[in-house]
Amino acid sequence: MSVKLSIAIIILFNTLTYASVYEKNCITCHKKIPVSIDKYFYRYLLKYSSEVEVKKAIKNYLQNPTQEKTVMAEAFINRFGIKKKSKLSTNDLDSAINDYWQKYKIFGKLQ
Amino acid sequence: MLALKSSVIDLRQSEKKTLIGFFCLYLTLCIVILIFISFVYYKFQKDFMLSQKRIDLQNYSNEFIIKLKQLHINFDKNQLYPRDNRFKTAIYDSDKKMIFSTLQSNKIQLDNIVYTSNNKIHFIKEPESYYLGARYVIMEINDDLVWLSNTQKQIIFFSIGGLIFMLIVGYFLLRLFLKPMRDAMHLLDRFIKDTTHELNTPISAIVANIEMININELDEKLARKIKRIDIGAKTVSNIYEDLTYLTLNNKIMSQNEKLNVSQVIHQRVEYFNTLAAVKKIKFTLNVQNEIYVVMDVKKLSKLLDNLISNAIKYNKVGGFIQIVLKEKYLCIEDSGKGIKKEQLALLYDRYSRFDKTVGGFGIGLNIVSMICKEYDLDINIESKVNSGTKVELQWS
């Protein structure tokens, strides 16, 4: 029993240690919201189109979230509110946004 | 040494030159104008075709964007790009980076709206929302090129028609513009013809009557006077013949026959003897007998007369004229003033005279060159200033 518990603790520790900024800081929180994280991405894509513009808009919002900057519908904001300002460093933010882009980008997925 | 260049100057030569120059300029201008008009017409036809196709393309793009919207909404479930048999499409993001394309022509002009590209017609549509990040949606349909072939036919047809019309207009313009020149030339031509005709009878009378006088029976003083009259009459007669040749003879067919050149030379030297005697010029003849050439006798005489009279005219007092005649070769050399090198090139031009101290119209060598050209005679002139001039004729 104690061996199993030890293995579980080690796995959890390793996961937390080696998980990316995106997984640790984005996924974990968004899991709690009923709207999946990819929906935000498509909203950004709909408004900003290119990689550079999308990344710039996400970063801008995360660093200083306001109602004007959000891409989400009013009903969504009314229900879940505006998120808090990100405490991540610029590098971590960039890394997280890069991962987010790579995961959901359209390029190479269309058939 | 100077080889004879093409020097036949007809009265209408300058007319021809002007005509060719004007024609080239006019033709170039007409072609440039026609090219410009054709280009404008082509652009107009192309724009017209594109504006017609644009309506279809606009409808296709609306259909396609609806499908793109559906795909955007359901992208997590379906990633199959919408396709249609009627058209091909491509989507580009706002950085003009291709997201996906089924286009057959990849020459894209995103700054344009509708254009042709490698026999395809492209239409660029910017949707209000960038579904799948597509800022630019490119629609492509085939260009059947019927419009192009029709336009080409029309351009060729109207260009040929236009060119013919402009050439006709040009011809009348040219006639109008050459009229004063032609009038002046005809006036000069008529004047020379009339003058020569009027001169013929009195000159013939003078020359014939002088020949009838037996100089040996006259006293020395009178004989000298008669000789002067003879010289004057022969000079006028020579000029008369030159002018007649220019205005009439070169338009008449030559009556060629086998001529004994040696005989003709002796006759012409005899004829010019009195004229040469005034300047105490001596003839040295080194003439082989029985040298024949097929020519018009009048033209051979005119050729020799002009060369001999020049040799006399530009000779110094007490000088000599040497005439050498061999098989296919004639040389007339004088001990005159000679001609400057730079003037040699202009020697055969009509009315060009380098020494105005002696009389003449400057048509002698022009006539010589015309005769040489007609009979394919090679003429070479060598000259040294203050030493003399050597004219050599060779024929085959």
# chains A, B, ... in the order shown; residues from 1 in each chain; ligands from 1
call {"tool": "residues_around", "arguments": {"residues": "range 34-48 of chain A", "least_positions_apart": "2", "cutoff": "10 Å", "atoms": "only C-alpha atoms", "output": "JSON, numbers by chain"}}
result
{"A": [26, 27, 29, 30, 31, 32, 50, 51, 52, 53, 54, 55, 56, 57, 58, 70, 71, 72, 73, 76, 100, 101, 103, 104, 105, 106], "B": [69, 72, 73, 75, 76, 93, 94, 128, 129, 130, 131, 132, 133, 134, 135]}
call {"tool": "select_by_dssp", "arguments": {"residues": "range 22-91 of chain A", "states": "alpha helix (DSSP H)", "output": "JSON, numbers by chain"}}
result
{"A": [28, 29, 30, 37, 38, 39, 40, 41, 42, 43, 44, 45, 46, 47, 48, 51, 52, 53, 54, 55, 56, 57, 58, 59, 60, 61, 62, 63, 74, 75, 76, 77, 78, 79, 80, 90, 91]}
call {"tool": "write_last_selection", "arguments": {"atoms": "C-alpha atoms", "output": "PDB file, in the first residue's frame"}}
result
ATOM      1  CA  THR A  28      -5.475  23.465 -14.983  1.00  0.00           C
ATOM      2  CA  CYS A  29      -7.645  26.570 -14.553  1.00  0.00           C
ATOM      3  CA  HIS A  30      -9.621  26.239 -17.804  1.00  0.00           C
ATOM      4  CA  ILE A  37      -9.977  26.061 -24.101  1.00  0.00           C
ATOM      5  CA  ASP A  38     -10.014  25.612 -27.935  1.00  0.00           C
ATOM      6  CA  LYS A  39     -13.174  27.737 -28.228  1.00  0.00           C
ATOM      7  CA  TYR A  40     -11.210  30.797 -27.142  1.00  0.00           C
ATOM      8  CA  PHE A  41      -8.628  30.044 -29.786  1.00  0.00           C
ATOM      9  CA  TYR A  42     -11.202  29.976 -32.617  1.00  0.00           C
ATOM     10  CA  ARG A  43     -12.669  33.235 -31.292  1.00  0.00           C
ATOM     11  CA  TYR A  44      -9.221  34.850 -31.515  1.00  0.00           C
ATOM     12  CA  LEU A  45      -8.687  33.390 -34.982  1.00  0.00           C
ATOM     13  CA  LEU A  46     -12.038  34.765 -36.106  1.00  0.00           C
ATOM     14  CA  LYS A  47     -11.028  38.253 -35.048  1.00  0.00           C
ATOM     15  CA  TYR A  48      -7.256  38.419 -35.576  1.00  0.00           C
ATOM     16  CA  GLU A  51      -0.358  33.925 -35.965  1.00  0.00           C
ATOM     17  CA  VAL A  52       1.362  37.179 -35.089  1.00  0.00           C
ATOM     18  CA  GLU A  53      -1.884  39.048 -34.509  1.00  0.00           C
ATOM     19  CA  VAL A  54      -3.515  36.243 -32.520  1.00  0.00           C
ATOM     20  CA  LYS A  55      -0.507  35.810 -30.235  1.00  0.00           C
ATOM     21  CA  LYS A  56      -0.223  39.556 -29.740  1.00  0.00           C
ATOM     22  CA  ALA A  57      -3.913  39.859 -28.831  1.00  0.00           C
ATOM     23  CA  ILE A  58      -3.824  36.916 -26.376  1.00  0.00           C
ATOM     24  CA  LYS A  59      -0.707  38.248 -24.685  1.00  0.00           C
ATOM     25  CA  ASN A  60      -2.153  41.721 -24.479  1.00  0.00           C
ATOM     26  CA  TYR A  61      -5.341  40.378 -22.912  1.00  0.00           C
ATOM     27  CA  LEU A  62      -3.574  38.117 -20.422  1.00  0.00           C
ATOM     28  CA  GLN A  63      -1.285  40.893 -19.256  1.00  0.00           C
ATOM     29  CA  GLU A  74     -21.169  39.277 -23.309  1.00  0.00           C
ATOM     30  CA  ALA A  75     -23.252  36.438 -21.827  1.00  0.00           C
ATOM     31  CA  PHE A  76     -20.050  34.493 -21.167  1.00  0.00           C
ATOM     32  CA  ILE A  77     -18.422  37.445 -19.391  1.00  0.00           C
ATOM     33  CA  ASN A  78     -21.546  38.075 -17.399  1.00  0.00           C
ATOM     34  CA  ARG A  79     -21.471  34.509 -16.234  1.00  0.00           C
ATOM     35  CA  PHE A  80     -17.753  33.903 -15.693  1.00  0.00           C
ATOM     36  CA  THR A  90       6.751  37.571 -20.303  1.00  0.00           C
ATOM     37  CA  ASN A  91       8.861  34.553 -21.293  1.00  0.00           C
TER      38      ASN A  91
END
call {"tool": "atom_distance", "arguments": {"atom1": "CA of Gly162 in chain B", "atom2": "CA of Gly21 in chain B"}}
result
20.8 Å
call {"tool": "residues_around", "arguments": {"residues": "Gly318 in chain B", "least_positions_apart": "4", "cutoff": "7 Å", "atoms": "only C-alpha atoms", "output": "list of chain:residue names"}}
result
B:Lys279, B:Lys280, B:Ile281
call {"tool": "atom_distance", "arguments": {"atom1": "CA of Phe158 in chain B", "atom2": "CA of Tyr41 in chain B"}}
result
10.9 Å
call {"tool": "closest_residue", "arguments": {"among": "B:Val287, B:Leu188, B:Ile210, B:Leu167", "to": "His266 in chain B", "atoms": "only C-alpha atoms"}}
result
B:Val287
call {"tool": "residues_around", "arguments": {"residues": "range 78-83 of chain B", "least_positions_apart": "3", "cutoff": "8 Å", "atoms": "only C-alpha atoms", "output": "MDAnalysis selection string"}}
result
(chainID A and resid 109:111) or (chainID B and resid 64 67:68 71 74:75 87:89)
call {"tool": "write_last_selection", "arguments": {"atoms": "N, CA and C atoms", "output": "tab-separated table (two decimals), in the first residue's frame"}}
result
chain	number	residue	atom	x	y	z
A	109	LYS	N	-3.71	21.16	-40.77
A	109	LYS	CA	-4.76	20.26	-40.26
A	109	LYS	C	-5.88	20.04	-41.27
A	110	LEU	N	-6.03	21.00	-42.16
A	110	LEU	CA	-7.13	20.88	-43.13
A	110	LEU	C	-6.83	19.76	-44.13
A	111	GLN	N	-7.89	19.09	-44.53
A	111	GLN	CA	-7.70	18.01	-45.50
A	111	GLN	C	-8.48	18.33	-46.79
B	64	PHE	N	-19.21	29.72	-50.58
B	64	PHE	CA	-18.02	29.12	-49.97
B	64	PHE	C	-17.80	29.61	-48.54
B	67	LYS	N	-19.85	27.78	-46.06
B	67	LYS	CA	-19.27	26.47	-45.77
B	67	LYS	C	-18.05	26.61	-44.85
B	68	LEU	N	-17.30	27.69	-45.09
B	68	LEU	CA	-16.10	27.94	-44.27
B	68	LEU	C	-16.52	28.22	-42.82
B	71	LEU	N	-17.37	25.05	-41.14
B	71	LEU	CA	-16.15	24.32	-40.81
B	71	LEU	C	-15.48	24.93	-39.57
B	74	ASN	N	-17.32	23.84	-36.48
B	74	ASN	CA	-17.18	22.41	-36.16
B	74	ASN	C	-15.77	21.89	-36.39
B	75	PHE	N	-14.82	22.76	-36.29
B	75	PHE	CA	-13.45	22.36	-36.65
B	75	PHE	C	-12.90	21.22	-35.78
B	87	PHE	N	-15.60	25.69	-58.95
B	87	PHE	CA	-14.50	26.62	-58.67
B	87	PHE	C	-13.47	26.00	-57.73
B	88	LYS	N	-12.30	26.63	-57.72
B	88	LYS	CA	-11.24	26.25	-56.78
B	88	LYS	C	-11.09	27.42	-55.81
B	89	THR	N	-10.52	27.11	-54.65
B	89	THR	CA	-10.40	28.18	-53.64
B	89	THR	C	-9.09	28.10	-52.89
call {"tool": "select_by_dssp", "arguments": {"residues": "range 88-163 of chain B", "states": "strand (DSSP E)", "output": "count of residues only"}}
result
26
